[in-house]
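**Student:** This is final19.pdb, which holds PDB, C-alpha atoms:
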ATOM      1  CA  MET X   1      74.754  29.684 -44.294
ATOM      2  CA  CYS X   2      75.180  30.235 -40.586
ATOM      3  CA  SER X   3      75.129  27.547 -37.960
ATOM      4  CA  LEU X   4      73.572  27.843 -34.533
ATOM      5  CA  ARG X   5      74.578  25.940 -31.465
ATOM      6  CA  PHE X   6      72.370  25.431 -28.440
ATOM      7  CA  SER X   7      73.549  24.636 -24.931
ATOM      8  CA  LEU X   8      71.441  23.783 -21.922
ATOM      9  CA  PRO X   9      71.796  25.028 -18.360
ATOM     10  CA  LEU X  10      73.683  22.619 -16.096
ATOM     11  CA  SER X  11      70.654  22.471 -13.851
ATOM     12  CA  VAL X  12      68.566  20.690 -16.496
ATOM     13  CA  PRO X  13      68.488  16.935 -15.681
ATOM     14  CA  ARG X  14      69.641  14.556 -18.356
ATOM     15  CA  ILE X  15      66.958  12.297 -19.781
ATOM     16  CA  SER X  16      67.776   9.173 -21.712
ATOM     17  CA  LEU X  17      65.897   8.286 -24.873
ATOM     18  CA  LEU X  18      64.369   5.293 -23.100
ATOM     19  CA  GLN X  19      63.173   7.506 -20.274
ATOM     20  CA  SER X  20      61.817  10.022 -22.771
ATOM     21  CA  ARG X  21      59.108   7.613 -23.912
ATOM     22  CA  ARG X  22      56.842   8.965 -21.257
ATOM     23  CA  TYR X  23      56.816  12.295 -23.134
ATOM     24  CA  SER X  24      55.506  10.689 -26.317
ATOM     25  CA  SER X  25      51.911  11.209 -25.226
ATOM     26  CA  CYS X  26      52.534  14.668 -23.724
ATOM     27  CA  ASP X  27      49.372  16.785 -23.544
ATOM     28  CA  PHE X  28      50.402  19.825 -25.582
ATOM     29  CA  SER X  29      47.212  21.658 -24.603
ATOM     30  CA  ARG X  30      48.720  22.510 -21.251
ATOM     31  CA  PHE X  31      51.447  24.448 -23.022
ATOM     32  CA  PHE X  32      48.908  26.344 -25.138
ATOM     33  CA  PRO X  33      45.970  27.595 -23.066
ATOM     34  CA  SER X  34      42.974  28.828 -25.033
ATOM     35  CA  CYS X  35      43.714  32.414 -24.026
ATOM     36  CA  TYR X  36      46.567  34.335 -22.457
ATOM     37  CA  PRO X  37      45.267  37.314 -20.504
ATOM     38  CA  GLY X  38      47.389  38.474 -17.555
ATOM     39  CA  GLU X  39      48.796  35.632 -15.490
ATOM     40  CA  LYS X  40      47.721  33.035 -18.047
ATOM     41  CA  LEU X  41      49.974  34.640 -20.657
ATOM     42  CA  GLN X  42      52.967  34.635 -18.303
ATOM     43  CA  ARG X  43      52.268  31.079 -17.150
ATOM     44  CA  GLY X  44      51.846  29.897 -20.747
ATOM     45  CA  CYS X  45      55.132  31.536 -21.772
ATOM     46  CA  ARG X  46      56.968  29.948 -18.811
ATOM     47  CA  ARG X  47      55.593  26.548 -19.746
ATOM     48  CA  PHE X  48      56.598  27.073 -23.345
ATOM     49  CA  GLN X  49      60.142  28.033 -22.301
ATOM     50  CA  SER X  50      60.350  24.952 -20.098
ATOM     51  CA  PHE X  51      59.183  22.873 -23.006
ATOM     52  CA  LEU X  52      61.947  24.243 -25.217
ATOM     53  CA  LYS X  53      64.522  23.221 -22.588
ATOM     54  CA  MET X  54      63.598  19.557 -22.772
ATOM     55  CA  GLU X  55      66.803  17.857 -23.741
ATOM     56  CA  VAL X  56      64.868  14.997 -25.199
ATOM     57  CA  LEU X  57      64.117  17.173 -28.241
ATOM     58  CA  LEU X  58      67.732  18.204 -28.687
ATOM     59  CA  ARG X  59      69.002  14.642 -28.300
ATOM     60  CA  SER X  60      66.415  12.880 -30.455
ATOM     61  CA  LEU X  61      65.767  15.260 -33.369
ATOM     62  CA  ARG X  62      68.024  16.185 -36.233
ATOM     63  CA  PRO X  63      68.886  19.933 -36.264
ATOM     64  CA  ARG X  64      66.750  20.851 -39.289
ATOM     65  CA  LEU X  65      63.726  19.014 -37.981
ATOM     66  CA  PHE X  66      64.277  20.559 -34.566
ATOM     67  CA  PHE X  67      64.216  24.089 -36.017
ATOM     68  CA  ARG X  68      61.044  23.290 -37.984
ATOM     69  CA  VAL X  69      59.339  22.022 -34.842
ATOM     70  CA  ILE X  70      60.389  25.125 -32.896
ATOM     71  CA  TRP X  71      59.184  27.419 -35.695
ATOM     72  CA  PHE X  72      55.844  25.602 -35.839
ATOM     73  CA  LEU X  73      55.324  25.715 -32.079
ATOM     74  CA  GLY X  74      56.235  29.394 -31.996
ATOM     75  CA  PHE X  75      53.751  30.077 -34.775
ATOM     76  CA  ILE X  76      51.012  28.245 -32.865
ATOM     77  CA  LEU X  77      51.789  30.288 -29.762
ATOM     78  CA  PHE X  78      51.548  33.522 -31.741
ATOM     79  CA  LEU X  79      48.365  32.404 -33.508
ATOM     80  CA  GLN X  80      46.577  31.512 -30.302
ATOM     81  CA  PHE X  81      47.674  34.758 -28.675
ATOM     82  CA  TRP X  82      46.343  36.677 -31.707
ATOM     83  CA  ILE X  83      43.049  34.785 -31.718
ATOM     84  CA  ALA X  84      42.605  35.504 -28.017
ATOM     85  CA  GLY X  85      42.553  39.236 -28.763
ATOM     86  CA  SER X  86      40.723  39.075 -32.102
ATOM     87  CA  ILE X  87      37.198  40.177 -32.794
ATOM     88  CA  ASP X  88      34.823  37.257 -32.318
ATOM     89  CA  LYS X  89      31.421  38.894 -32.218
ATOM     90  CA  ASN X  90      29.567  41.261 -34.513
ATOM     91  CA  LYS X  91      29.120  43.857 -31.772
ATOM     92  CA  ALA X  92      32.837  43.743 -31.019
ATOM     93  CA  LEU X  93      33.549  44.247 -34.731
ATOM     94  CA  VAL X  94      31.430  47.401 -34.754
ATOM     95  CA  GLU X  95      33.169  48.669 -31.628
ATOM     96  CA  HIS X  96      36.527  47.961 -33.256
ATOM     97  CA  LEU X  97      35.547  50.029 -36.313
ATOM     98  CA  GLN X  98      34.372  52.852 -34.067
ATOM     99  CA  GLN X  99      37.577  52.868 -32.060
ATOM    100  CA  HIS X 100      39.634  53.136 -35.231
ATOM    101  CA  GLY X 101      37.552  55.949 -36.702
ATOM    102  CA  LYS X 102      35.957  53.885 -39.474
ATOM    103  CA  LEU X 103      32.466  54.365 -38.035
ATOM    104  CA  ARG X 104      31.479  57.899 -37.053
ATOM    105  CA  SER X 105      27.681  57.922 -36.916
ATOM    106  CA  ASP X 106      25.412  56.084 -34.504
ATOM    107  CA  LYS X 107      23.002  55.310 -37.320
ATOM    108  CA  VAL X 108      25.539  53.338 -39.354
ATOM    109  CA  ALA X 109      26.920  51.623 -36.255
ATOM    110  CA  GLU X 110      23.417  50.531 -35.287
ATOM    111  CA  VAL X 111      22.619  48.977 -38.649
ATOM    112  CA  MET X 112      25.990  47.176 -38.868
ATOM    113  CA  GLU X 113      25.402  45.778 -35.401
ATOM    114  CA  THR X 114      21.885  44.680 -36.364
ATOM    115  CA  ILE X 115      22.928  42.877 -39.563
ATOM    116  CA  ASP X 116      25.260  40.089 -38.442
ATOM    117  CA  ARG X 117      28.131  39.761 -40.926
ATOM    118  CA  ALA X 118      28.581  36.067 -40.063
ATOM    119  CA  LEU X 119      25.321  35.279 -41.882
ATOM    120  CA  PHE X 120      26.822  36.555 -45.146
ATOM    121  CA  VAL X 121      30.303  34.984 -44.991
ATOM    122  CA  GLN X 122      30.947  31.360 -45.918
ATOM    123  CA  LYS X 123      31.446  29.131 -42.879
ATOM    124  CA  GLU X 124      35.071  28.292 -43.663
ATOM    125  CA  TYR X 125      36.122  31.945 -43.348
ATOM    126  CA  PRO X 126      36.316  34.138 -40.205
ATOM    127  CA  PRO X 127      33.411  36.601 -40.472
ATOM    128  CA  TYR X 128      34.624  39.289 -38.087
ATOM    129  CA  VAL X 129      38.117  39.865 -39.443
ATOM    130  CA  ASP X 130      38.453  43.260 -41.136
ATOM    131  CA  SER X 131      39.283  41.826 -44.532
ATOM    132  CA  PRO X 132      37.425  40.913 -47.735
ATOM    133  CA  MET X 133      36.380  37.262 -47.959
ATOM    134  CA  PRO X 134      35.643  35.027 -50.978
ATOM    135  CA  ILE X 135      32.004  34.122 -51.570
ATOM    136  CA  GLY X 136      32.576  32.016 -54.686
ATOM    137  CA  TYR X 137      32.377  32.670 -58.439
ATOM    138  CA  ASN X 138      35.415  35.015 -58.310
ATOM    139  CA  ALA X 139      33.466  37.416 -56.090
ATOM    140  CA  THR X 140      34.083  38.684 -52.568
ATOM    141  CA  ILE X 141      32.313  40.330 -49.677
ATOM    142  CA  SER X 142      34.080  43.611 -48.976
ATOM    143  CA  ALA X 143      36.032  44.250 -45.784
ATOM    144  CA  PRO X 144      33.911  45.634 -42.915
ATOM    145  CA  HIS X 145      35.746  48.965 -42.963
ATOM    146  CA  MET X 146      34.800  49.436 -46.627
ATOM    147  CA  HIS X 147      31.150  48.691 -45.880
ATOM    148  CA  ALA X 148      31.349  51.210 -43.039
ATOM    149  CA  LEU X 149      32.905  53.829 -45.313
ATOM    150  CA  CYS X 150      30.278  53.414 -48.045
ATOM    151  CA  LEU X 151      27.414  53.505 -45.546
ATOM    152  CA  GLU X 152      28.849  56.664 -43.982
ATOM    153  CA  LEU X 153      29.136  58.314 -47.405
ATOM    154  CA  LEU X 154      25.533  57.393 -48.294
ATOM    155  CA  LYS X 155      23.773  57.707 -44.926
ATOM    156  CA  ASP X 156      22.035  60.999 -45.770
ATOM    157  CA  HIS X 157      20.641  59.400 -48.947
ATOM    158  CA  ILE X 158      19.313  56.196 -47.381
ATOM    159  CA  GLN X 159      16.816  57.734 -45.034
ATOM    160  CA  PRO X 160      13.416  56.116 -44.286
ATOM    161  CA  GLY X 161      11.219  56.036 -47.389
ATOM    162  CA  MET X 162      14.082  56.520 -49.887
ATOM    163  CA  HIS X 163      15.198  54.215 -52.706
ATOM    164  CA  ALA X 164      18.674  52.598 -52.777
ATOM    165  CA  LEU X 165      20.353  50.414 -55.393
ATOM    166  CA  ASP X 166      23.211  48.005 -54.634
ATOM    167  CA  VAL X 167      25.038  47.019 -57.839
ATOM    168  CA  GLY X 168      26.999  43.793 -57.558
ATOM    169  CA  SER X 169      25.136  42.843 -54.400
ATOM    170  CA  GLY X 170      27.114  39.606 -53.963
ATOM    171  CA  SER X 171      26.378  38.161 -50.522
ATOM    172  CA  GLY X 172      23.475  40.582 -49.967
ATOM    173  CA  TYR X 173      25.022  42.149 -46.841
ATOM    174  CA  LEU X 174      25.015  45.791 -47.916
ATOM    175  CA  THR X 175      21.589  45.469 -49.548
ATOM    176  CA  ALA X 176      20.252  44.257 -46.191
ATOM    177  CA  CYS X 177      21.859  47.257 -44.469
ATOM    178  CA  PHE X 178      20.238  49.590 -47.006
ATOM    179  CA  ALA X 179      16.872  47.960 -46.418
ATOM    180  CA  MET X 180      17.104  48.444 -42.661
ATOM    181  CA  MET X 181      17.947  52.124 -43.163
ATOM    182  CA  VAL X 182      15.210  52.966 -45.707
ATOM    183  CA  GLY X 183      12.651  50.900 -43.791
ATOM    184  CA  PRO X 184       9.415  49.271 -44.977
ATOM    185  CA  GLU X 185       8.245  52.473 -46.693
ATOM    186  CA  GLY X 186      11.428  52.658 -48.767
ATOM    187  CA  ARG X 187      12.958  50.353 -51.354
ATOM    188  CA  ALA X 188      16.328  48.572 -51.387
ATOM    189  CA  VAL X 189      17.272  46.707 -54.560
ATOM    190  CA  GLY X 190      20.294  44.449 -55.057
ATOM    191  CA  ILE X 191      21.378  43.233 -58.493
ATOM    192  CA  GLU X 192      23.968  40.571 -59.263
ATOM    193  CA  HIS X 193      24.623  38.777 -62.550
ATOM    194  CA  ILE X 194      25.540  35.382 -61.043
ATOM    195  CA  PRO X 195      22.254  33.501 -60.380
ATOM    196  CA  GLU X 196      23.862  31.248 -57.770
ATOM    197  CA  LEU X 197      25.034  34.264 -55.777
ATOM    198  CA  VAL X 198      21.563  35.825 -55.921
ATOM    199  CA  ALA X 199      20.011  32.600 -54.620
ATOM    200  CA  ALA X 200      22.585  32.399 -51.826
ATOM    201  CA  SER X 201      22.136  36.063 -50.905
ATOM    202  CA  ILE X 202      18.369  35.617 -50.575
ATOM    203  CA  GLU X 203      18.969  32.763 -48.126
ATOM    204  CA  ASN X 204      21.454  34.927 -46.231
ATOM    205  CA  VAL X 205      18.925  37.740 -45.887
ATOM    206  CA  LYS X 206      16.203  35.319 -44.749
ATOM    207  CA  ARG X 207      18.373  34.445 -41.736
ATOM    208  CA  SER X 208      19.078  38.101 -40.915
ATOM    209  CA  ALA X 209      17.217  40.916 -39.180
ATOM    210  CA  ALA X 210      16.133  42.172 -42.632
ATOM    211  CA  ALA X 211      14.093  39.045 -43.397
ATOM    212  CA  HIS X 212      10.727  40.777 -42.792
ATOM    213  CA  LEU X 213      11.625  43.466 -45.354
ATOM    214  CA  LEU X 214      12.339  40.773 -47.932
ATOM    215  CA  GLU X 215       8.947  39.228 -47.243
ATOM    216  CA  LYS X 216       7.173  42.594 -47.597
ATOM    217  CA  GLY X 217       8.950  43.386 -50.869
ATOM    218  CA  SER X 218      10.736  46.542 -49.762
ATOM    219  CA  LEU X 219      13.973  44.561 -50.147
ATOM    220  CA  SER X 220      14.544  42.604 -53.353
ATOM    221  CA  LEU X 221      17.471  40.840 -55.023
ATOM    222  CA  HIS X 222      17.607  40.227 -58.779
ATOM    223  CA  VAL X 223      19.725  38.612 -61.478
ATOM    224  CA  ALA X 224      20.792  41.432 -63.795
ATOM    225  CA  ASP X 225      23.794  43.107 -65.387
ATOM    226  CA  GLY X 226      24.839  45.773 -62.919
ATOM    227  CA  ARG X 227      25.993  48.096 -65.687
ATOM    228  CA  ASP X 228      22.363  48.447 -66.746
ATOM    229  CA  GLY X 229      21.034  49.183 -63.264
ATOM    230  CA  TRP X 230      17.439  48.303 -62.325
ATOM    231  CA  PRO X 231      15.066  50.783 -64.016
ATOM    232  CA  GLU X 232      11.910  49.344 -62.404
ATOM    233  CA  ALA X 233      12.572  51.029 -59.034
ATOM    234  CA  ALA X 234      14.373  54.127 -60.353
ATOM    235  CA  PRO X 235      15.122  56.896 -59.655
ATOM    236  CA  TYR X 236      17.387  56.131 -56.698
ATOM    237  CA  ASP X 237      18.413  58.425 -53.893
ATOM    238  CA  ALA X 238      21.518  56.282 -53.374
ATOM    239  CA  ILE X 239      23.455  53.939 -55.636
ATOM    240  CA  HIS X 240      26.328  51.803 -54.426
ATOM    241  CA  VAL X 241      28.523  49.873 -56.866
ATOM    242  CA  GLY X 242      30.517  47.011 -55.373
ATOM    243  CA  ALA X 243      32.860  46.454 -58.327
ATOM    244  CA  ALA X 244      35.280  48.696 -60.195
ATOM    245  CA  ALA X 245      34.090  50.169 -63.479
ATOM    246  CA  PRO X 246      36.564  51.468 -66.076
ATOM    247  CA  GLU X 247      34.182  54.397 -66.436
ATOM    248  CA  ILE X 248      30.876  55.320 -64.818
ATOM    249  CA  PRO X 249      28.003  53.514 -66.591
ATOM    250  CA  LYS X 250      25.595  56.012 -68.168
ATOM    251  CA  ALA X 251      22.572  53.916 -67.181
ATOM    252  CA  LEU X 252      23.454  54.321 -63.507
ATOM    253  CA  LEU X 253      23.848  58.092 -63.866
ATOM    254  CA  ASP X 254      20.453  58.253 -65.564
ATOM    255  CA  GLN X 255      18.827  56.265 -62.738
ATOM    256  CA  LEU X 256      20.325  58.494 -60.034
ATOM    257  CA  LYS X 257      17.724  60.892 -58.684
ATOM    258  CA  PRO X 258      18.438  64.659 -58.708
ATOM    259  CA  GLY X 259      19.764  65.334 -55.229
ATOM    260  CA  GLY X 260      21.005  61.718 -55.034
ATOM    261  CA  ARG X 261      24.475  60.252 -54.548
ATOM    262  CA  MET X 262      26.417  57.369 -56.063
ATOM    263  CA  VAL X 263      29.498  55.696 -54.564
ATOM    264  CA  ILE X 264      31.506  53.716 -57.110
ATOM    265  CA  PRO X 265      35.092  52.488 -57.526
ATOM    266  CA  VAL X 266      36.481  53.636 -60.873
ATOM    267  CA  GLY X 267      39.599  52.444 -62.685
ATOM    268  CA  HIS X 268      41.448  49.384 -63.881
ATOM    269  CA  PHE X 269      44.504  48.326 -61.872
ATOM    270  CA  PHE X 270      44.636  51.660 -60.073
ATOM    271  CA  GLN X 271      41.189  52.499 -58.708
ATOM    272  CA  ASP X 272      39.623  55.372 -56.813
ATOM    273  CA  LEU X 273      36.449  55.278 -54.771
ATOM    274  CA  GLN X 274      34.427  58.154 -56.208
ATOM    275  CA  VAL X 275      31.457  60.042 -54.796
ATOM    276  CA  ILE X 276      29.117  61.335 -57.514
ATOM    277  CA  ASP X 277      26.449  63.846 -56.575
ATOM    278  CA  LYS X 278      23.627  64.793 -58.908
ATOM    279  CA  LYS X 279      22.394  68.274 -58.109
ATOM    280  CA  LEU X 280      18.750  69.264 -58.343
ATOM    281  CA  ASP X 281      19.390  70.911 -61.722
ATOM    282  CA  GLY X 282      20.788  67.619 -63.077
ATOM    283  CA  SER X 283      24.461  68.656 -63.079
ATOM    284  CA  ILE X 284      27.043  66.159 -61.836
ATOM    285  CA  THR X 285      29.980  66.608 -59.444
ATOM    286  CA  PHE X 286      32.744  64.092 -58.791
ATOM    287  CA  ARG X 287      35.279  63.663 -56.012
ATOM    288  CA  ASN X 288      37.773  60.944 -55.125
ATOM    289  CA  VAL X 289      37.652  59.599 -51.572
ATOM    290  CA  THR X 290      40.448  57.021 -51.427
ATOM    291  CA  GLY X 291      42.391  54.502 -53.457
ATOM    292  CA  VAL X 292      40.798  51.041 -53.439
ATOM    293  CA  ARG X 293      41.117  47.592 -54.958
ATOM    294  CA  TYR X 294      37.829  45.966 -56.081
ATOM    295  CA  VAL X 295      36.985  43.129 -58.447
ATOM    296  CA  PRO X 296      36.040  44.493 -61.897
ATOM    297  CA  LEU X 297      32.499  45.378 -62.936
ATOM    298  CA  THR X 298      32.291  43.180 -65.980
ATOM    299  CA  SER X 299      30.192  40.608 -67.834
ATOM    300  CA  ARG X 300      29.146  37.319 -66.283
ATOM    301  CA  SER X 301      31.302  35.292 -68.692
ATOM    302  CA  ALA X 302      34.377  37.421 -67.980
ATOM    303  CA  GLN X 303      33.885  37.089 -64.228
ATOM    304  CA  LEU X 304      33.585  33.308 -64.424
ATOM    305  CA  GLN X 305      36.656  32.915 -66.626
ATOM    306  CA  ASN X 306      39.117  30.426 -65.073
ATOM    307  CA  TYR X 307      36.716  29.789 -62.187
TER     308      TYR X 307
END
Rewrite the structure of this file - the entire thing - as structure tokens.
**Tutor:**
Amino acid sequence: MCSLRFSLPLSVPRISLLQSRRYSSCDFSRFFPSCYPGEKLQRGCRRFQSFLKMEVLLRSLRPRLFFRVIWFLGFILFLQFWIAGSIDKNKALVEHLQQHGKLRSDKVAEVMETIDRALFVQKEYPPYVDSPMPIGYNATISAPHMHALCLELLKDHIQPGMHALDVGSGSGYLTACFAMMVGPEGRAVGIEHIPELVAASIENVKRSAAAHLLEKGSLSLHVADGRDGWPEAAPYDAIHVGAAAPEIPKALLDQLKPGGRMVIPVGHFFQDLQVIDKKLDGSITFRNVTGVRYVPLTSRSAQLQNY
């Protein structure tokens, strides 16, 4: 264990513990402005350094407690600086994905900007962070960059008037994106085997720009086992699977239209996002896009185990 010793500049005035009482109600907000662009960042850092030089802390706190306080204050400074530059609006999220090469087409960027992700993420979680978020029942909403990737891979197969199936629709976000892309003349179907998630996803969609498509019936969300697909609206030009299957379900292959495409994560612990194309003659081609980590495509009881 190493020991650290701190000394103060001679120019710092000495403050007795009795005199230090006036610091007990110190307004810490002046040391941590809400944002730190330009001069504000420099001024905030100078104030923070001045704060650290207060001898009252060194004289009144035990060393371990002092180090904990300093660590905590440093963490708060970093957190507020990070939040100041974080993505806080849906449009900014889309621009962030474009700048980092996750979004390449204007069509996908437009639909992701139209469907506000915040409406599909639970209120206690930050909606515009590029990370998956829990939605309850051992399920998640995928990270924005994964939604962007899947939409880019399927964009030619979710044109106006086409049919798209979202397996494991969860929050309903990607189903709503599909619906906006296929339009009122097309059909977007989401299936999820947790009834509570289906009910919540319907409410999410009702608050979104895709609400009118839900009312017209071109967008629908159903309680069903994703491994069985949704034969009523088959065949599908595009099928997206939002959970990892140990192997590609035959029912989904059968419901894929000749000329259509499926995007599905395949594997157990090690998973690959696969693109499956069904040619016009019915033959199938496979290719791996990237390694991924999804929740498993499984039964309702298995998913709710230990929940």
**Student:** Using all atoms listed in the file, can you tell me which of X:Ala238, X:Leu97, X:Asp228, X:Ile141 comes closest to Ala251 (chain X)?
**Tutor:** X:Asp228
**Student:** Can you list, as a PDB file with C-alpha atoms, in the frame of the given file, every protein, DNA or RNA residue that comes within 8 Å of Leu221 (chain X) when you count only C-alpha atoms, leaving out same-chain residues fewer than 5 positions away?
**Tutor:**
ATOM      1  CA  SER X 169      25.136  42.843 -54.400  1.00  0.00           C
ATOM      2  CA  GLY X 172      23.475  40.582 -49.967  1.00  0.00           C
ATOM      3  CA  VAL X 189      17.272  46.707 -54.560  1.00  0.00           C
ATOM      4  CA  GLY X 190      20.294  44.449 -55.057  1.00  0.00           C
ATOM      5  CA  ILE X 191      21.378  43.233 -58.493  1.00  0.00           C
ATOM      6  CA  GLU X 192      23.968  40.571 -59.263  1.00  0.00           C
ATOM      7  CA  VAL X 198      21.563  35.825 -55.921  1.00  0.00           C
ATOM      8  CA  SER X 201      22.136  36.063 -50.905  1.00  0.00           C
ATOM      9  CA  ILE X 202      18.369  35.617 -50.575  1.00  0.00           C
TER      10      ILE X 202
END
**Student:** Quick one: pull the distance between CA of Tyr128 (chain X) and CA of Ile239 (chain X), Å, one decimal.
**Tutor:**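 Calculated distance between CA of Tyr128 (chain X) and CA of Ile239 (chain X) is 25.4 Å.
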**Student:** Kindly give the distance, in Å, that separates CA of Gly229 (chain X) and CA of Thr175 (chain X), rounded to a single decimal.
**Tutor:**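 That distance, rounded to one decimal, is 14.2 Å.
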**Student:** Find the residue from X:Lys123, X:Lys102, X:Arg300, X:Lys155 that sits nearest to Gly260 (chain X); use all atoms listed in the file when measuring.
**Tutor:**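 Result for the nearest residue to Gly260 (chain X): X:Lys155.
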**Student:** To one decimal place, how far is CA of Tyr173 (chain X) from CA of Ala118 (chain X) in Å?
**Tutor:**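 Separation between CA of Tyr173 (chain X) and CA of Ala118 (chain X): 9.8 Å.
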**Student:** With distances taken over all atoms listed in the file, which of X:Lys107, X:Ala224, X:Gly242, X:Cys150 is nearest to Gly170 (chain X)?
**Tutor:**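 Residue with the minimum atom-to-atom distance to Gly170 (chain X): X:Gly242.
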**Student:** Tell me which of X:Lys279, X:His163, X:His212, X:His240 sits closest to Val182 (chain X), counting all atoms listed in the file.
**Tutor:**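 Going through X:Lys279, X:His163, X:His212, X:His240 one by one, the smallest distance to Val182 (chain X) is for X:His163.
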**Student:** Please put the answer as lines of an AutoDock Vina configuration file: centre and edge lengths, in Å with one decimal, of a box along x, y and z that encloses all listed atoms of region 125-144 of chain X plus 3 Å on each side.
**Tutor:**
center_x = 35.6
center_y = 38.8
center_z = -48.3
size_x = 13.3
size_y = 19.7
size_z = 26.4
**Student:** For Pro258 (chain X), which residue out of X:His157, X:Pro246, X:Glu113, X:Met180 is the nearest one, using all atoms listed in the file?
**Tutor:**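 Closest candidate: X:His157.
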**Student:** Which of these, X:Leu297, X:Val263, X:Ala176, X:Leu151, has the shortest distance to Arg104 (chain X) once you count all atoms listed in the file?
**Tutor:**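 For Arg104 (chain X), the nearest of the candidates is X:Leu151.
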**Student:** So that I can see what lies close to Val295 (chain X), please list as a list in words the residues with an atom at most 8 Å from it, counting all atoms listed in the file and leaving out residues fewer than 6 positions away in the same chain.
**Tutor:**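 Residues meeting the cut-off are Ala139, Thr140, Ala243 and Ala244 of chain X.
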**Student:** Counting all atoms listed in the file, find the residues whose atoms lie at most 12 Å from (25.3, 56.2, -60.5) (file coordinates) and write them out as a ChimeraX atom specification.
**Tutor:** /X:164-167,226-230,234-242,245,247-266,274-278,284-286
**Student:** May I have the selected residues written with C-alpha atoms, as a short mmCIF file (atom, residue, chain, number, x, y, z; two decimals), in the frame of the given file?
**Tutor:**
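Ended up saving to part-v6.cif:
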data_model
loop_
_atom_site.label_atom_id
_atom_site.label_comp_id
_atom_site.auth_asym_id
_atom_site.auth_seq_id
_atom_site.Cartn_x
_atom_site.Cartn_y
_atom_site.Cartn_z
CA ALA X 164 18.67 52.60 -52.78
CA LEU X 165 20.35 50.41 -55.39
CA ASP X 166 23.21 48.00 -54.63
CA VAL X 167 25.04 47.02 -57.84
CA GLY X 226 24.84 45.77 -62.92
CA ARG X 227 25.99 48.10 -65.69
CA ASP X 228 22.36 48.45 -66.75
CA GLY X 229 21.03 49.18 -63.26
CA TRP X 230 17.44 48.30 -62.32
CA ALA X 234 14.37 54.13 -60.35
CA PRO X 235 15.12 56.90 -59.66
CA TYR X 236 17.39 56.13 -56.70
CA ASP X 237 18.41 58.42 -53.89
CA ALA X 238 21.52 56.28 -53.37
CA ILE X 239 23.46 53.94 -55.64
CA HIS X 240 26.33 51.80 -54.43
CA VAL X 241 28.52 49.87 -56.87
CA GLY X 242 30.52 47.01 -55.37
CA ALA X 245 34.09 50.17 -63.48
CA GLU X 247 34.18 54.40 -66.44
CA ILE X 248 30.88 55.32 -64.82
CA PRO X 249 28.00 53.51 -66.59
CA LYS X 250 25.60 56.01 -68.17
CA ALA X 251 22.57 53.92 -67.18
CA LEU X 252 23.45 54.32 -63.51
CA LEU X 253 23.85 58.09 -63.87
CA ASP X 254 20.45 58.25 -65.56
CA GLN X 255 18.83 56.26 -62.74
CA LEU X 256 20.32 58.49 -60.03
CA LYS X 257 17.72 60.89 -58.68
CA PRO X 258 18.44 64.66 -58.71
CA GLY X 259 19.76 65.33 -55.23
CA GLY X 260 21.00 61.72 -55.03
CA ARG X 261 24.48 60.25 -54.55
CA MET X 262 26.42 57.37 -56.06
CA VAL X 263 29.50 55.70 -54.56
CA ILE X 264 31.51 53.72 -57.11
CA PRO X 265 35.09 52.49 -57.53
CA VAL X 266 36.48 53.64 -60.87
CA GLN X 274 34.43 58.15 -56.21
CA VAL X 275 31.46 60.04 -54.80
CA ILE X 276 29.12 61.34 -57.51
CA ASP X 277 26.45 63.85 -56.58
CA LYS X 278 23.63 64.79 -58.91
CA ILE X 284 27.04 66.16 -61.84
CA THR X 285 29.98 66.61 -59.44
CA PHE X 286 32.74 64.09 -58.79
#
**Student:** Got a sec: who's within 9 Å of Val121 (chain X), counting only C-alpha atoms, leaving out chain neighbours fewer than 2 positions off, as a list in words?
**Tutor:** Arg117, Ala118, Leu119, Lys123, Glu124, Tyr125, Pro126, Pro127, Met133, Pro134, Ile135, Ile141, Ser171 and Asn204 of chain X
**Student:** Which residues are near Gly101 (chain X)? Cut-off 12 Å, all atoms listed in the file, ignore same chain within fewer than 6 positions. Put them as a list in words.
**Tutor:**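 Neighbouring residues, sequence-local ones excluded: Val94, Glu95, Ala109, His145, Ala148, Leu149 and Glu152 of chain X.
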**Student:** Restricted to C-alpha atoms, what would the selected residues look like written as an mmCIF file, in the frame of the given file?
**Tutor:**
data_model
loop_
_atom_site.group_PDB
_atom_site.id
_atom_site.type_symbol
_atom_site.label_atom_id
_atom_site.label_comp_id
_atom_site.auth_asym_id
_atom_site.auth_seq_id
_atom_site.Cartn_x
_atom_site.Cartn_y
_atom_site.Cartn_z
ATOM 1 C CA VAL X 94 31.430 47.401 -34.754
ATOM 2 C CA GLU X 95 33.169 48.669 -31.628
ATOM 3 C CA ALA X 109 26.920 51.623 -36.255
ATOM 4 C CA HIS X 145 35.746 48.965 -42.963
ATOM 5 C CA ALA X 148 31.349 51.210 -43.039
ATOM 6 C CA LEU X 149 32.905 53.829 -45.313
ATOM 7 C CA GLU X 152 28.849 56.664 -43.982
#
**Student:** If you apply the PyMOL selection byres ((chain X and resi 292) around 10) to this file, what residues do you get, as a CSV table (one decimal) with C-alpha atoms, in the coordinates of the input?
**Tutor:**
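Writing the result to result.csv gives the following:
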chain,number,residue,atom,x,y,z
X,146,MET,CA,34.8,49.4,-46.6
X,244,ALA,CA,35.3,48.7,-60.2
X,265,PRO,CA,35.1,52.5,-57.5
X,266,VAL,CA,36.5,53.6,-60.9
X,267,GLY,CA,39.6,52.4,-62.7
X,269,PHE,CA,44.5,48.3,-61.9
X,270,PHE,CA,44.6,51.7,-60.1
X,271,GLN,CA,41.2,52.5,-58.7
X,272,ASP,CA,39.6,55.4,-56.8
X,273,LEU,CA,36.4,55.3,-54.8
X,274,GLN,CA,34.4,58.2,-56.2
X,289,VAL,CA,37.7,59.6,-51.6
X,290,THR,CA,40.4,57.0,-51.4
X,291,GLY,CA,42.4,54.5,-53.5
X,293,ARG,CA,41.1,47.6,-55.0
X,294,TYR,CA,37.8,46.0,-56.1
